[in-house]
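Notes follow the structure.
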Amino acid sequence: MGIFDYFKSKNAPSSASVAKDRLQIIVAHERSKRHQPDYLPQMQQEIIDVIRKYVQIGSEDVQIQLDNTDDCSVLELNVTLPEQS
Amino acid sequence: MSLSEDITLAKIIVVTSGKGGVGKTTSSAAIGTGIALKGHKTVIIDFDVGLRNLDLIMGCERRVVYDFVNVINKEATLSQALIKDKRTKNLFILPASQTRDKDALTTEGVQEVLEELAKEFDYIICDSPAGIEKGAQMALYFADAAIVVTNPEVSSVRDSDRILGILQSKSKRAEDGKEPIEEYLLLTRYHPERVALGEMLSVSDVEDILAIPLIGVIPESEAVLKASNQGAPVILDTESEAGLAYTDAVNRLLGEECPLRFLEVRKKSFMKRLLGG
C-alpha cells in the first residue's frame, strides 16, 4: 500500500468482497437451474404460445420455476397479463 | 463395451477448469511429475486435440512421433506413442493430436486406451482442454478424481462451478450411479499481498463458494514462466514457492497431511511500502 492509499475511503467495501457477493448470488442461481429438467425451456415456450393465442404477452411476462423440496416438486408458473386498455 | 476391471486398478485424475489459461497444463505437468517422483508409475495424457501443449511444458515436443488419436485409430500402438520422460523415472506422456477434426476422440476409443494404460500405470492424469464441449467432457468422463484448477477471479470461479456440475452429471460415474468423482480445488496464481489489500478473493472466499476440499494453493510465481520457457515442470524447481506448493498438493493428493504455506504477505522494506511498490 502506497502513501496515497491512506487517503482513500476506508468505508467502501473491498473489491474482493464485492466479487464474493456477486459470485455467491450467480453461482446459487446457476446451481438451482442445473437440476431443472431439460424440457423446461421448451415447455415454457409452448405455454407462452398457448397464452398468446388469447392475449398478447412477451416472453418475459412468463416466469417458470421448479422448486424441489424433500419429496415433492412444485412447478410455479407466473404470467403477467397486460393491463386492459 | 463394459468397463473392464483393469481400469479400476489405476486412478484416473482429470485436471480441469472450464476457463482457459488458469494453469491446467502447468498443473497436470507438475502434479504428474510429482506423483511419479513418489514412485508411482504415471502417465499424463493431453486431451487438447488440435492445441497440443503438454509436450512443450514437459520439454518433449521434439520427440513426438505418434499421438493419442493415432492410437485410437490403430495407426500406432500405445507403446509407440508413449513418450518416456527424460528427467523423471516412472513418468510417461501421451501427446494430443494436432488434427483439426474435433470428433477424433470417441468414447469407445478413449476407453480402450485408458483400459490398456490402466494395466500398466498407477495414475493416469488427463489434462483437459478449456471449455465444456466434447473434448473437456471426454477428458473427465472416465475420471475417478478431478482437480479443478481455479484462479481467485470471478470468471474462473464461476466456470469452475460449471465444471463441477458437469462432473456430477455427465461423467461415467454419474451415469452409472456409482460413487461420485472425488473433487479437489487447486487455487493457482494466488497473490497473498492483493488478498491482504482486499483486491483479490481469498482462499476461504473461493472455498466458501465452491464448497469442495482444497488440495493446494499455488502462489503467483515467476518460476512458472521460467519453467515453461525451459520445458521443465515447475515442481522440479525446488527453489521456487510454486514448485514447493505443487509438491505439497501432490502429498495431499496421496493422502498426507500437509499444512498450507506461502499464504502470508512477505515483509517489504519501508521504502517499498512508502512508495507502494
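Ligands are numbered from 1 in the order shown, chains are lettered A, B, ... in the order of the C-alpha cells, and residues start at 1 in each chain.
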
Sort by chain and increasing residue number a table of all residues of chain A within 10 Å of chain B, each with its closest pair of atoms and their distance in Å to one decimal, counting only C-alpha atoms, and write it as JSON lines.
{"residue": "A:Met1", "atom": "CA", "partner": "B:Gly276", "partner_atom": "CA", "distance": 4.9}
{"residue": "A:Gly2", "atom": "CA", "partner": "B:Gly276", "partner_atom": "CA", "distance": 3.5}
{"residue": "A:Ile3", "atom": "CA", "partner": "B:Leu274", "partner_atom": "CA", "distance": 5.5}
{"residue": "A:Phe4", "atom": "CA", "partner": "B:Gly276", "partner_atom": "CA", "distance": 8.4}
{"residue": "A:Asp5", "atom": "CA", "partner": "B:Gly276", "partner_atom": "CA", "distance": 8.5}
{"residue": "A:Pro13", "atom": "CA", "partner": "B:Gly198", "partner_atom": "CA", "distance": 8.6}
{"residue": "A:Ser14", "atom": "CA", "partner": "B:Gly198", "partner_atom": "CA", "distance": 5.1}
{"residue": "A:Ser15", "atom": "CA", "partner": "B:Glu199", "partner_atom": "CA", "distance": 5.5}
{"residue": "A:Ala16", "atom": "CA", "partner": "B:Met200", "partner_atom": "CA", "distance": 4.9}
{"residue": "A:Ser17", "atom": "CA", "partner": "B:Gly198", "partner_atom": "CA", "distance": 7.3}
{"residue": "A:Val18", "atom": "CA", "partner": "B:Leu201", "partner_atom": "CA", "distance": 9.4}
{"residue": "A:Ala19", "atom": "CA", "partner": "B:Val154", "partner_atom": "CA", "distance": 6.4}
{"residue": "A:Lys20", "atom": "CA", "partner": "B:Asp205", "partner_atom": "CA", "distance": 6.6}
{"residue": "A:Asp21", "atom": "CA", "partner": "B:Ile209", "partner_atom": "CA", "distance": 9.5}
{"residue": "A:Arg22", "atom": "CA", "partner": "B:Val154", "partner_atom": "CA", "distance": 8.4}
{"residue": "A:Leu23", "atom": "CA", "partner": "B:Val154", "partner_atom": "CA", "distance": 6.6}
{"residue": "A:Gln24", "atom": "CA", "partner": "B:Ile209", "partner_atom": "CA", "distance": 6.1}
{"residue": "A:Ile25", "atom": "CA", "partner": "B:Ile209", "partner_atom": "CA", "distance": 9.6}
{"residue": "A:Ile26", "atom": "CA", "partner": "B:Arg158", "partner_atom": "CA", "distance": 8.0}
{"residue": "A:Val27", "atom": "CA", "partner": "B:Arg158", "partner_atom": "CA", "distance": 6.5}
{"residue": "A:Ala28", "atom": "CA", "partner": "B:Ile209", "partner_atom": "CA", "distance": 9.0}
{"residue": "A:Glu30", "atom": "CA", "partner": "B:Arg162", "partner_atom": "CA", "distance": 8.2}
{"residue": "A:Arg31", "atom": "CA", "partner": "B:Gly165", "partner_atom": "CA", "distance": 7.8}
{"residue": "A:Arg34", "atom": "CA", "partner": "B:Gly165", "partner_atom": "CA", "distance": 7.2}
{"residue": "A:His35", "atom": "CA", "partner": "B:Gly165", "partner_atom": "CA", "distance": 9.2}

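By chain and then residue number, the residues within 12 Å of Gln45 of chain A are Tyr39, Leu40, Pro41, Gln42, Ile48, Asp49, Val50, Ile51, Arg52, Ile57, Gly58, Ser59, Glu60, Asp61, Val62, Gln63 and Ile64 of chain A, counting only C-alpha atoms and disregarding those fewer than 3 positions away in sequence.
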
Exercise for review: Can you list, as an MDAnalysis selection string, all residues belonging to chain A that DSSP tags as strand (DSSP E)?
Suggested key: chainID A and resid 62:68 73:79

Revision key, fill the gap. Here atom CA of Leu117 of chain B and atom CA of Ile44 of chain B stand apart by 10.6 Å

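You can rank B:Thr77, B:Asn70, B:Ser240, B:Ser156 by their closest distance to Gly23 of chain B using only C-alpha atoms, and at the top of that list sits B:Ser156.
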
Exercise for review: Taking the chain letters and numbering used in this document, name the residues of segment 104-146 of chain B that DSSP puts in alpha helix (DSSP H), as a ChimeraX atom specification.
Suggested key: /B:107-120,134-141

Study note, to complete from the structure: Counting only C-alpha atoms, closest pick from B:Val22, B:Leu9, B:Ile93, B:Ile218 relative to Cys126 of chain B is B:Ile93

Practice item. Within 10 Å of Ser32 of chain A, counting only C-alpha atoms, which residues show up once you throw out same-chain ones fewer than 6 positions away? Write them as a PyMOL selection string, please. Key: chain A and resi 26+65-68

Those residues you just picked out, can you put them in a file as a PDB file, in the first residue's frame with C-alpha atoms?
ATOM      1  CA  ILE A  26     -24.824 -16.070  -9.532  1.00  0.00           C
ATOM      2  CA  GLN A  65     -39.765 -22.077 -11.744  1.00  0.00           C
ATOM      3  CA  LEU A  66     -39.317 -25.559 -10.447  1.00  0.00           C
ATOM      4  CA  ASP A  67     -38.704 -25.926  -6.728  1.00  0.00           C
ATOM      5  CA  ASN A  68     -37.565 -29.216  -5.322  1.00  0.00           C
TER       6      ASN A  68
END

Exercise for review: Find the residues near segment 182-186 of chain B: any atom within 9 Å, counting only C-alpha atoms, skip ones fewer than 4 places away on the same chain, and give them as a list in words.
Suggested key: Ser27, Ala143, Asp144, Ala145, Ala146, Ile147, Val148, Val149, Thr150, Asn151, Leu164, Leu167, Glu207, Leu210, Ala211, Ile212, Pro213, Leu214, Ile215, Gly216, Val217, Ile218, Ala249 and Leu253 of chain B

Would you export the selected residues with N, CA and C atoms as a PDB file, in the first residue's frame, please?
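As a result, selection24.pdb now contains:
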ATOM      1  N   SER B  27      -0.367 -27.392 -14.234  1.00  0.00           N
ATOM      2  CA  SER B  27      -0.699 -28.214 -13.066  1.00  0.00           C
ATOM      3  C   SER B  27      -0.627 -29.707 -13.392  1.00  0.00           C
ATOM      4  N   ALA B 143     -13.102 -40.288 -15.252  1.00  0.00           N
ATOM      5  CA  ALA B 143     -12.276 -39.930 -14.094  1.00  0.00           C
ATOM      6  C   ALA B 143     -12.788 -40.515 -12.781  1.00  0.00           C
ATOM      7  N   ASP B 144     -11.828 -40.802 -11.890  1.00  0.00           N
ATOM      8  CA  ASP B 144     -12.137 -41.180 -10.517  1.00  0.00           C
ATOM      9  C   ASP B 144     -12.041 -39.955  -9.613  1.00  0.00           C
ATOM     10  N   ALA B 145     -11.157 -39.038  -9.988  1.00  0.00           N
ATOM     11  CA  ALA B 145     -10.963 -37.821  -9.202  1.00  0.00           C
ATOM     12  C   ALA B 145     -10.773 -36.652 -10.158  1.00  0.00           C
ATOM     13  N   ALA B 146     -11.114 -35.463  -9.695  1.00  0.00           N
ATOM     14  CA  ALA B 146     -10.959 -34.267 -10.524  1.00  0.00           C
ATOM     15  C   ALA B 146     -10.241 -33.195  -9.724  1.00  0.00           C
ATOM     16  N   ILE B 147      -9.246 -32.595 -10.352  1.00  0.00           N
ATOM     17  CA  ILE B 147      -8.597 -31.430  -9.764  1.00  0.00           C
ATOM     18  C   ILE B 147      -9.126 -30.223 -10.535  1.00  0.00           C
ATOM     19  N   VAL B 148      -9.861 -29.368  -9.846  1.00  0.00           N
ATOM     20  CA  VAL B 148     -10.464 -28.213 -10.500  1.00  0.00           C
ATOM     21  C   VAL B 148      -9.539 -27.018 -10.267  1.00  0.00           C
ATOM     22  N   VAL B 149      -8.849 -26.624 -11.337  1.00  0.00           N
ATOM     23  CA  VAL B 149      -7.878 -25.533 -11.250  1.00  0.00           C
ATOM     24  C   VAL B 149      -8.629 -24.204 -11.355  1.00  0.00           C
ATOM     25  N   THR B 150      -8.443 -23.361 -10.370  1.00  0.00           N
ATOM     26  CA  THR B 150      -9.213 -22.120 -10.291  1.00  0.00           C
ATOM     27  C   THR B 150      -8.300 -20.960  -9.937  1.00  0.00           C
ATOM     28  N   ASN B 151      -8.501 -19.817 -10.600  1.00  0.00           N
ATOM     29  CA  ASN B 151      -7.822 -18.581 -10.206  1.00  0.00           C
ATOM     30  C   ASN B 151      -8.766 -17.807  -9.295  1.00  0.00           C
ATOM     31  N   LEU B 164     -17.972 -28.335 -12.138  1.00  0.00           N
ATOM     32  CA  LEU B 164     -18.398 -29.230 -11.053  1.00  0.00           C
ATOM     33  C   LEU B 164     -19.764 -29.833 -11.374  1.00  0.00           C
ATOM     34  N   LEU B 167     -19.162 -32.557 -13.888  1.00  0.00           N
ATOM     35  CA  LEU B 167     -18.573 -33.735 -13.235  1.00  0.00           C
ATOM     36  C   LEU B 167     -19.658 -34.556 -12.539  1.00  0.00           C
ATOM     37  N   GLU B 207     -13.197 -21.197  -1.317  1.00  0.00           N
ATOM     38  CA  GLU B 207     -13.672 -22.440  -0.681  1.00  0.00           C
ATOM     39  C   GLU B 207     -15.154 -22.325  -0.314  1.00  0.00           C
ATOM     40  N   LEU B 210     -17.228 -22.544  -3.762  1.00  0.00           N
ATOM     41  CA  LEU B 210     -17.218 -23.812  -4.492  1.00  0.00           C
ATOM     42  C   LEU B 210     -17.514 -25.016  -3.587  1.00  0.00           C
ATOM     43  N   ALA B 211     -17.219 -24.875  -2.297  1.00  0.00           N
ATOM     44  CA  ALA B 211     -17.549 -25.922  -1.324  1.00  0.00           C
ATOM     45  C   ALA B 211     -17.011 -27.298  -1.689  1.00  0.00           C
ATOM     46  N   ILE B 212     -15.753 -27.354  -2.106  1.00  0.00           N
ATOM     47  CA  ILE B 212     -15.090 -28.650  -2.305  1.00  0.00           C
ATOM     48  C   ILE B 212     -13.748 -28.594  -1.584  1.00  0.00           C
ATOM     49  N   PRO B 213     -13.206 -29.770  -1.200  1.00  0.00           N
ATOM     50  CA  PRO B 213     -11.952 -29.749  -0.434  1.00  0.00           C
ATOM     51  C   PRO B 213     -10.778 -29.141  -1.212  1.00  0.00           C
ATOM     52  N   LEU B 214      -9.954 -28.425  -0.488  1.00  0.00           N
ATOM     53  CA  LEU B 214      -8.800 -27.741  -1.081  1.00  0.00           C
ATOM     54  C   LEU B 214      -7.611 -28.697  -1.125  1.00  0.00           C
ATOM     55  N   ILE B 215      -6.990 -28.803  -2.302  1.00  0.00           N
ATOM     56  CA  ILE B 215      -5.825 -29.694  -2.423  1.00  0.00           C
ATOM     57  C   ILE B 215      -4.515 -28.897  -2.450  1.00  0.00           C
ATOM     58  N   GLY B 216      -4.624 -27.594  -2.734  1.00  0.00           N
ATOM     59  CA  GLY B 216      -3.405 -26.796  -2.751  1.00  0.00           C
ATOM     60  C   GLY B 216      -3.655 -25.366  -3.194  1.00  0.00           C
ATOM     61  N   VAL B 217      -2.725 -24.505  -2.811  1.00  0.00           N
ATOM     62  CA  VAL B 217      -2.750 -23.109  -3.259  1.00  0.00           C
ATOM     63  C   VAL B 217      -1.376 -22.806  -3.837  1.00  0.00           C
ATOM     64  N   ILE B 218      -1.353 -22.431  -5.120  1.00  0.00           N
ATOM     65  CA  ILE B 218      -0.083 -22.151  -5.782  1.00  0.00           C
ATOM     66  C   ILE B 218       0.067 -20.635  -5.895  1.00  0.00           C
ATOM     67  N   ALA B 249       0.778 -30.124  -2.713  1.00  0.00           N
ATOM     68  CA  ALA B 249      -0.510 -30.553  -3.275  1.00  0.00           C
ATOM     69  C   ALA B 249      -0.475 -32.039  -3.627  1.00  0.00           C
ATOM     70  N   LEU B 253      -2.738 -35.033  -2.184  1.00  0.00           N
ATOM     71  CA  LEU B 253      -3.473 -35.903  -3.104  1.00  0.00           C
ATOM     72  C   LEU B 253      -3.215 -37.371  -2.760  1.00  0.00           C
TER      73      LEU B 253
END

Check your understanding: If you count only C-alpha atoms, which residues fall within 9 Å of Leu82 of chain B, apart from same-chain ones fewer than 6 positions away, as number ranges by chain?
Key -> B: 43, 64, 66-68, 92-95

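Interatomic distance, atom CA of Asp70 of chain A against atom CA of Gln36 of chain A: 14.9 Å.
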